[in-house]
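Engineer: Sharing a structure with you now.
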Amino acid sequence: MVAQGRAQGPPLLLPIRAMAFGSPLNRKLFLGAVAITGATLAGLDYYLTRFTSEREIEHVRQELHASARILAGELAGVPRERLETWALEAGGLAKARVTLIDPTGKVLSDSQHDPETMENHGGRPEIREALARGDGSSIRHSATLDRDLCYFAYRTEYARQAGYVLRLAVPLEDVESSVAAVRIRILIASLLAAVLALGFATYFSGFLTRRIERLCSFAESMVGNPEALPIEVVAQDELGMLARALNRTAIELRDLVGRVRLESARREAILSSMADGVLAVDEQMRVTFSNASFLGALGRKGALPENLPLAELVRDPELRELLMRVLRSREPARHRIRLTSAESGTFEVQVAPFAGPSGGGAIAILHDITDLERLERIRRDFVANVSHELRTPLTAIRGYAETLLEGGLEDAENNRKFLEIIKAHAIRLNNIASDLLTLSELESGPSRSDRSQPASEAESVSVSEAMDAALRTVESEARLRGVTLIRDGQAGGRVSGNRVRLEQAFINLLDNGIKFNRPGGEVRVASRRDGDGLVRITVADTGIGIPSEHLPRIFERFYRVDRARSREVGGTGLGLSIVKHVVERMGGSVSVESRLGQGSTFTILLPVSAY
């Protein structure tokens with residue numbers, strides 16, 4: 001139990017240790033208090049010990065002086081032969097070493113040593129001082145007794161002769177014992193004062209540290225939690241002033257953070273909802289922001305890792321080089337690039353540098369012009385195709401008209417034939433213009449005739465009735481070309497759309513099946529309800545078929561598999577394009593399957609009408 005108590009230390013010091021070394025500031029305050037208290041008590045101990053030692057030595061001197069005066073009065077009646085005996089008796093009464101020295105420095109008697117063996121004492125400092133002033137004292141080591149002594153010398157007369165010196169000496173051990181006793185009391189008082197001082201210092205430093213810790217916790221919470229309650233001001237001192245300043249700062253910071261968050265949320269919402277892609281990089285080409293549109297253009301989903309290198313996100317060297325050029329030159333740039341990604345497209349990229357508190361960077365805005373580029377290409381192709389399609393009939397009409405004007409009218413055998421050719425090409429021009437007008441109306445919105453009928457785009461149309469009307473329209477053409485029209489069943493249900501447009505789509509498919517068929521061929525029409533809420537309509541023929549390499553493009557405007565035969569049968573090259581637009585406007589789809597020399601099958605899927 002004793003060993004355990006020593007290992008743990010005094011119980012009263014455990015709380016002090018725990019409090020003193022709980023925090024760096026507490027340790028500094030505690031160690032500072034220890035240093036100041038220790039230095040103060042050490043200085044006080046040194047001063048009091050020195051003062052006590054001097055007082056004790058002075059007290060001894062006074063006692064020796066009094067004893068020397070008494071012994072000097074007795075010395076006058078002592079014969080020379082009894083000096084040794086007198087010295088011994090005097091030393092016992094005075095409790096000191098008594099020595100008598102003659103004017104020449106010779107020792108006549110000594111209470112603790114044989115005077116015959118002692119050296120001349122005329123040079124001793126206390127002896128010289130006594131001969132000069134009447135008394136003298138010194139503290140030094142005695143070679144005779146081999147110990148430290150306090151000497152007091154008194155000048156006196158002996159045998160009516162002046163110049164004798166009576167010297168008394170006491171060991172310093174007695175003085176040091178007295179000083180040690182006083183020093184122990186001083187140390188005890190110093191330890192008690194130190195414990196009290198350190199206890200108060202620890203308490204106040206702990207109280208001060210706790211207040212500072214609360215201020216630090218509040219200051220740290222202001223960043224992560226601006227809505228934190230104000231800190232309580234517990235005292236009207238410097239820390240209280242700091243607490244009030246922090247409370248005011250917290251209010252201003254709360255307002256500032258609120259405004260920044262609102263502005264950041266607005267900016268984030270704007271950038272995230274932009275249809276254009278937005279990308280921001282820092283000077284090290286690391287991604288600092290990218291919206292969903294930009295990630296979608298790259299075929300990526302989800303959030304990006306923080307500070308992702310651009311090279312790991314964008315594989316296209318054009319975009320990276322453009323950003324690096326802007327970062328180097330600090331000048332905005334604009335360029336058209338094509339991204340090779342999951343959904344590659346063409347983008348108009350505008351890059352501008354920006355400067356921020358943590359460094360500069362560049363921001364790029366990618367405007368998707370893929371559709372615009374495709375429309376431009378379609379427009380160019382359309383203009384070229386229209387020009388090509390119109391050039392042939394116009395050239396023929398002009399040529400035959402000039403022939404008639406130059407004398408062909410008088411040619412009774414050929415003039416009628418020339419006029420019939422002119423008429424056929426005029427009809428073809430009219431058909432091209434009519435089909436182009438139909439396509440334009442389908443792409444731009446309801447036709448003029450549709451707008452004259454309220455809610456025409458939402459009427460319920462019977463597929464069977466529309467198909468019967470289309471069959472009746474092309475029936476005469478089929479008889480002329482020797483093609484048999486076959487209708488498989490009458491089922492099909494109703495769809496939502498425009499009946500006139502649907503009939504036109506059916507007529508175009510049937511007309512193609514008849515024109516590009518062989519004599520004795522067939523065109524088979526069928527319609528039925530699918531289980532997915534769709535109506536499936538098929539138009540199959542036994543004609544010449546379509547080569548597989550042409551299938552992906554047959555629904556394009558003016559696209560013909562066999563241009564010579566198409567012109568021969570009077571086709572405009574717009575029929576299947578009209579079919580595709582009509583079906584898609586009704587929310588459906590159209591597809592084709594064909595084998596060269598075996599015929600083609602067109603399939604239309606339309607959603608069933610809800611009313």
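How things are named: the first chain in the structure tokens is A, the next is B, and so on; residues count from 1 in each chain; ligands count from 1 in the order shown.
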For A:Asn415, find every residue with an atom within 12 Å (counting only C-alpha atoms), except residues of its own chain fewer than 4 positions away, and show them as JSON, numbers by chain.

Structural biologist: {"A": [400, 401, 402, 403, 404, 405, 406, 407, 408, 409, 410, 411, 419, 420, 421, 422]}

Engineer: Can you check which residues of stretch 216-289 of chain A DSSP gives as strand (DSSP E) on the backbone and send them as a PyMOL selection string?

Structural biologist: chain A and resi 277-282+286-289

Engineer: Mind dumping the selected residues with N, CA and C atoms as a short mmCIF file (atom, residue, chain, number, x, y, z; two decimals), in the first residue's frame?

Structural biologist:
data_model
loop_
_atom_site.label_atom_id
_atom_site.label_comp_id
_atom_site.auth_asym_id
_atom_site.auth_seq_id
_atom_site.Cartn_x
_atom_site.Cartn_y
_atom_site.Cartn_z
N GLY A 277 -23.86 22.58 -72.41
CA GLY A 277 -22.91 22.01 -71.48
C GLY A 277 -21.98 23.07 -70.91
N VAL A 278 -21.70 22.98 -69.61
CA VAL A 278 -20.82 23.94 -68.94
C VAL A 278 -19.71 23.15 -68.25
N LEU A 279 -18.47 23.58 -68.48
CA LEU A 279 -17.30 22.94 -67.89
C LEU A 279 -16.36 24.02 -67.38
N ALA A 280 -15.89 23.86 -66.14
CA ALA A 280 -14.92 24.79 -65.55
C ALA A 280 -13.71 24.00 -65.09
N VAL A 281 -12.53 24.51 -65.38
CA VAL A 281 -11.27 23.87 -64.97
C VAL A 281 -10.39 24.91 -64.30
N ASP A 282 -9.45 24.43 -63.45
CA ASP A 282 -8.49 25.33 -62.84
C ASP A 282 -7.21 25.37 -63.68
N ARG A 286 -7.80 20.72 -63.88
CA ARG A 286 -8.65 19.84 -63.10
C ARG A 286 -10.07 20.37 -63.12
N VAL A 287 -11.03 19.46 -63.22
CA VAL A 287 -12.43 19.85 -63.34
C VAL A 287 -12.93 20.37 -62.00
N THR A 288 -13.43 21.61 -62.00
CA THR A 288 -14.02 22.18 -60.79
C THR A 288 -15.54 22.25 -60.86
N PHE A 289 -16.12 22.17 -62.07
CA PHE A 289 -17.58 22.15 -62.20
C PHE A 289 -17.94 21.60 -63.58
#

Engineer: One number please: atom CA of A:Arg97 to atom CA of A:Leu168, in Å, one decimal.

Structural biologist: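 Going from atom CA of A:Arg97 over to atom CA of A:Leu168, I get 5.4 Å.
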
Engineer: Quick check for you: according to DSSP on this backbone, which residues of stretch 35-268 of chain A are classed as alpha helix (DSSP H)? Reply as an MDAnalysis selection string.

Structural biologist: chainID A and resid 35:75 83:94 125:133 172:224 238:268

Engineer: Nearest to A:Leu502 among A:Ile427, A:Leu480, A:Val474, A:Ile578, with distances taken over only C-alpha atoms: which residue is it?

Structural biologist: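 Smallest distance to A:Leu502 is found for A:Ile578.
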
Engineer: Do you know which residues are at most 12 Å from A:Val165 counting only C-alpha atoms, after dropping those on the same chain fewer than 3 positions away, and could you put them as a compact mmCIF listing (two decimals) with N, CA and C atoms, in the first residue's frame?

Structural biologist:
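Result file follows (out.txt):
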# COMPACT_ATOMS: atom_id res chain seq x y z
N ALA A 68 34.45 37.99 26.18
CA ALA A 68 35.83 38.48 26.13
C ALA A 68 36.05 39.61 27.13
N ARG A 69 35.12 40.48 27.31
CA ARG A 69 35.27 41.59 28.25
C ARG A 69 35.34 41.07 29.68
N LEU A 71 36.25 37.97 30.60
CA LEU A 71 37.49 37.22 30.78
C LEU A 71 38.70 38.15 30.82
N ALA A 72 38.67 39.26 30.12
CA ALA A 72 39.78 40.21 30.17
C ALA A 72 39.93 40.80 31.56
N LEU A 75 41.68 38.20 33.64
CA LEU A 75 43.02 37.86 33.20
C LEU A 75 44.09 38.66 33.97
N VAL A 98 39.37 29.49 23.89
CA VAL A 98 39.97 30.71 24.41
C VAL A 98 41.47 30.65 24.14
N THR A 99 41.97 31.72 23.53
CA THR A 99 43.39 31.79 23.18
C THR A 99 43.91 33.17 23.60
N LEU A 100 45.14 33.16 24.23
CA LEU A 100 45.79 34.41 24.63
C LEU A 100 47.04 34.57 23.80
N ILE A 101 47.18 35.74 23.12
CA ILE A 101 48.30 36.02 22.24
C ILE A 101 48.97 37.27 22.76
N ASP A 102 50.36 37.21 22.82
CA ASP A 102 51.10 38.36 23.31
C ASP A 102 51.29 39.37 22.18
N PRO A 103 51.86 40.52 22.45
CA PRO A 103 51.99 41.54 21.40
C PRO A 103 52.82 41.11 20.20
N THR A 104 53.67 40.07 20.37
CA THR A 104 54.48 39.63 19.25
C THR A 104 53.78 38.61 18.38
N GLY A 105 52.61 38.19 18.77
CA GLY A 105 51.85 37.19 18.01
C GLY A 105 52.02 35.80 18.54
N LYS A 106 52.85 35.61 19.60
CA LYS A 106 53.05 34.29 20.16
C LYS A 106 51.85 33.89 20.99
N VAL A 107 51.48 32.62 20.86
CA VAL A 107 50.35 32.09 21.62
C VAL A 107 50.85 31.70 23.00
N LEU A 108 50.27 32.33 24.06
CA LEU A 108 50.65 32.03 25.43
C LEU A 108 49.84 30.88 26.00
N SER A 109 48.57 30.81 25.64
CA SER A 109 47.73 29.71 26.15
C SER A 109 46.57 29.49 25.18
N HIS A 121 50.53 33.88 15.61
CA HIS A 121 49.19 34.33 15.19
C HIS A 121 49.14 35.83 14.92
N GLY A 122 50.27 36.45 14.81
CA GLY A 122 50.27 37.88 14.60
C GLY A 122 49.66 38.28 13.25
N ARG A 124 47.04 36.84 11.80
CA ARG A 124 45.63 36.48 11.64
C ARG A 124 44.81 37.76 11.48
N GLU A 126 41.78 38.66 12.40
CA GLU A 126 41.08 39.17 13.58
C GLU A 126 42.05 39.79 14.57
N ILE A 127 43.32 39.23 14.61
CA ILE A 127 44.33 39.76 15.53
C ILE A 127 44.75 41.14 15.07
N ARG A 128 45.00 41.27 13.76
CA ARG A 128 45.42 42.58 13.26
C ARG A 128 44.32 43.62 13.47
N GLU A 129 43.10 43.21 13.23
CA GLU A 129 41.98 44.14 13.40
C GLU A 129 41.81 44.55 14.85
N ALA A 130 42.00 43.59 15.80
CA ALA A 130 41.87 43.90 17.23
C ALA A 130 42.98 44.84 17.69
N LEU A 131 44.20 44.60 17.22
CA LEU A 131 45.29 45.48 17.60
C LEU A 131 45.09 46.88 17.05
N ALA A 132 44.43 46.95 15.89
CA ALA A 132 44.23 48.26 15.27
C ALA A 132 43.02 48.98 15.85
N ARG A 133 41.92 48.26 16.13
CA ARG A 133 40.68 48.92 16.52
C ARG A 133 40.22 48.60 17.92
N GLY A 134 40.78 47.56 18.51
CA GLY A 134 40.36 47.16 19.85
C GLY A 134 39.62 45.83 19.84
N ASP A 135 38.97 45.51 18.76
CA ASP A 135 38.34 44.19 18.60
C ASP A 135 38.26 43.88 17.12
N GLY A 136 38.12 42.62 16.83
CA GLY A 136 38.03 42.16 15.44
C GLY A 136 37.43 40.77 15.35
N PHE A 152 36.58 35.85 17.44
CA PHE A 152 36.42 37.22 17.94
C PHE A 152 37.65 37.55 18.80
N ALA A 153 38.34 38.60 18.44
CA ALA A 153 39.58 38.99 19.15
C ALA A 153 39.33 40.30 19.89
N TYR A 154 39.89 40.36 21.16
CA TYR A 154 39.67 41.55 22.00
C TYR A 154 41.02 41.99 22.55
N ARG A 155 41.33 43.24 22.31
CA ARG A 155 42.62 43.76 22.79
C ARG A 155 42.51 44.06 24.29
N THR A 156 43.55 43.63 25.05
CA THR A 156 43.51 43.80 26.50
C THR A 156 44.95 44.02 27.04
N GLU A 157 45.07 44.15 28.37
CA GLU A 157 46.37 44.31 29.03
C GLU A 157 46.61 43.10 29.93
N TYR A 158 47.87 42.77 30.03
CA TYR A 158 48.24 41.69 30.95
C TYR A 158 49.58 42.07 31.59
N GLN A 161 50.81 45.48 30.90
CA GLN A 161 51.45 45.70 29.61
C GLN A 161 50.39 45.57 28.51
N ALA A 162 50.28 46.58 27.64
CA ALA A 162 49.27 46.58 26.57
C ALA A 162 49.76 45.74 25.39
N LEU A 168 38.43 34.54 21.31
CA LEU A 168 37.44 33.49 21.56
C LEU A 168 36.92 32.97 20.19

Engineer: From the options A:Leu574, A:Val579, A:Val592, A:Leu327, which residue's atoms come nearest to A:His550, counting only C-alpha atoms?

Structural biologist: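 Closest candidate: A:Val592.
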
Engineer: In Å, with one decimal, what is the gap from atom CA of A:Asp148 to atom CA of A:Pro171?

Structural biologist: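 Computed distance, atom CA of A:Asp148 to atom CA of A:Pro171, equals 6.1 Å.
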
Engineer: With only C-alpha atoms as the counted atoms, please give the residues lying no more than 12 Å from A:Ala180, apart from itself and same-chain residues fewer than 6 positions off, as number ranges by chain.

Structural biologist: A: 45, 48-50, 52-53, 56, 172-174, 186-187

Engineer: Name the residues in contact with A:Ala426 at a cut-off of 10 Å, using only C-alpha atoms, excluding same-chain residues fewer than 6 positions from it; report them as a VMD selection string.

Structural biologist: chain A and resid 393 to 394 396 to 397 420 432

Engineer: So which one's closest to A:Thr144, A:Arg244, A:Arg328, A:His113, A:His335? Using only C-alpha atoms, please.

Structural biologist: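 Looking at the shortest contact to A:Thr144, the residue is A:His113.
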
Engineer: Can you tell me which residues surround A:Glu477 at a distance of at most 12 Å, considering only C-alpha atoms, apart from same-chain residues fewer than 5 positions away, and format the answer as a PyMOL selection string?

Structural biologist: chain A and resi 470-472+482-485+507+510-515+517+569

Engineer: Between atom CA of A:Arg55 and atom CA of A:Ala193, what is the distance in Å, rounded to a tenth?

Structural biologist: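 Going from atom CA of A:Arg55 over to atom CA of A:Ala193 covers 24.4 Å.
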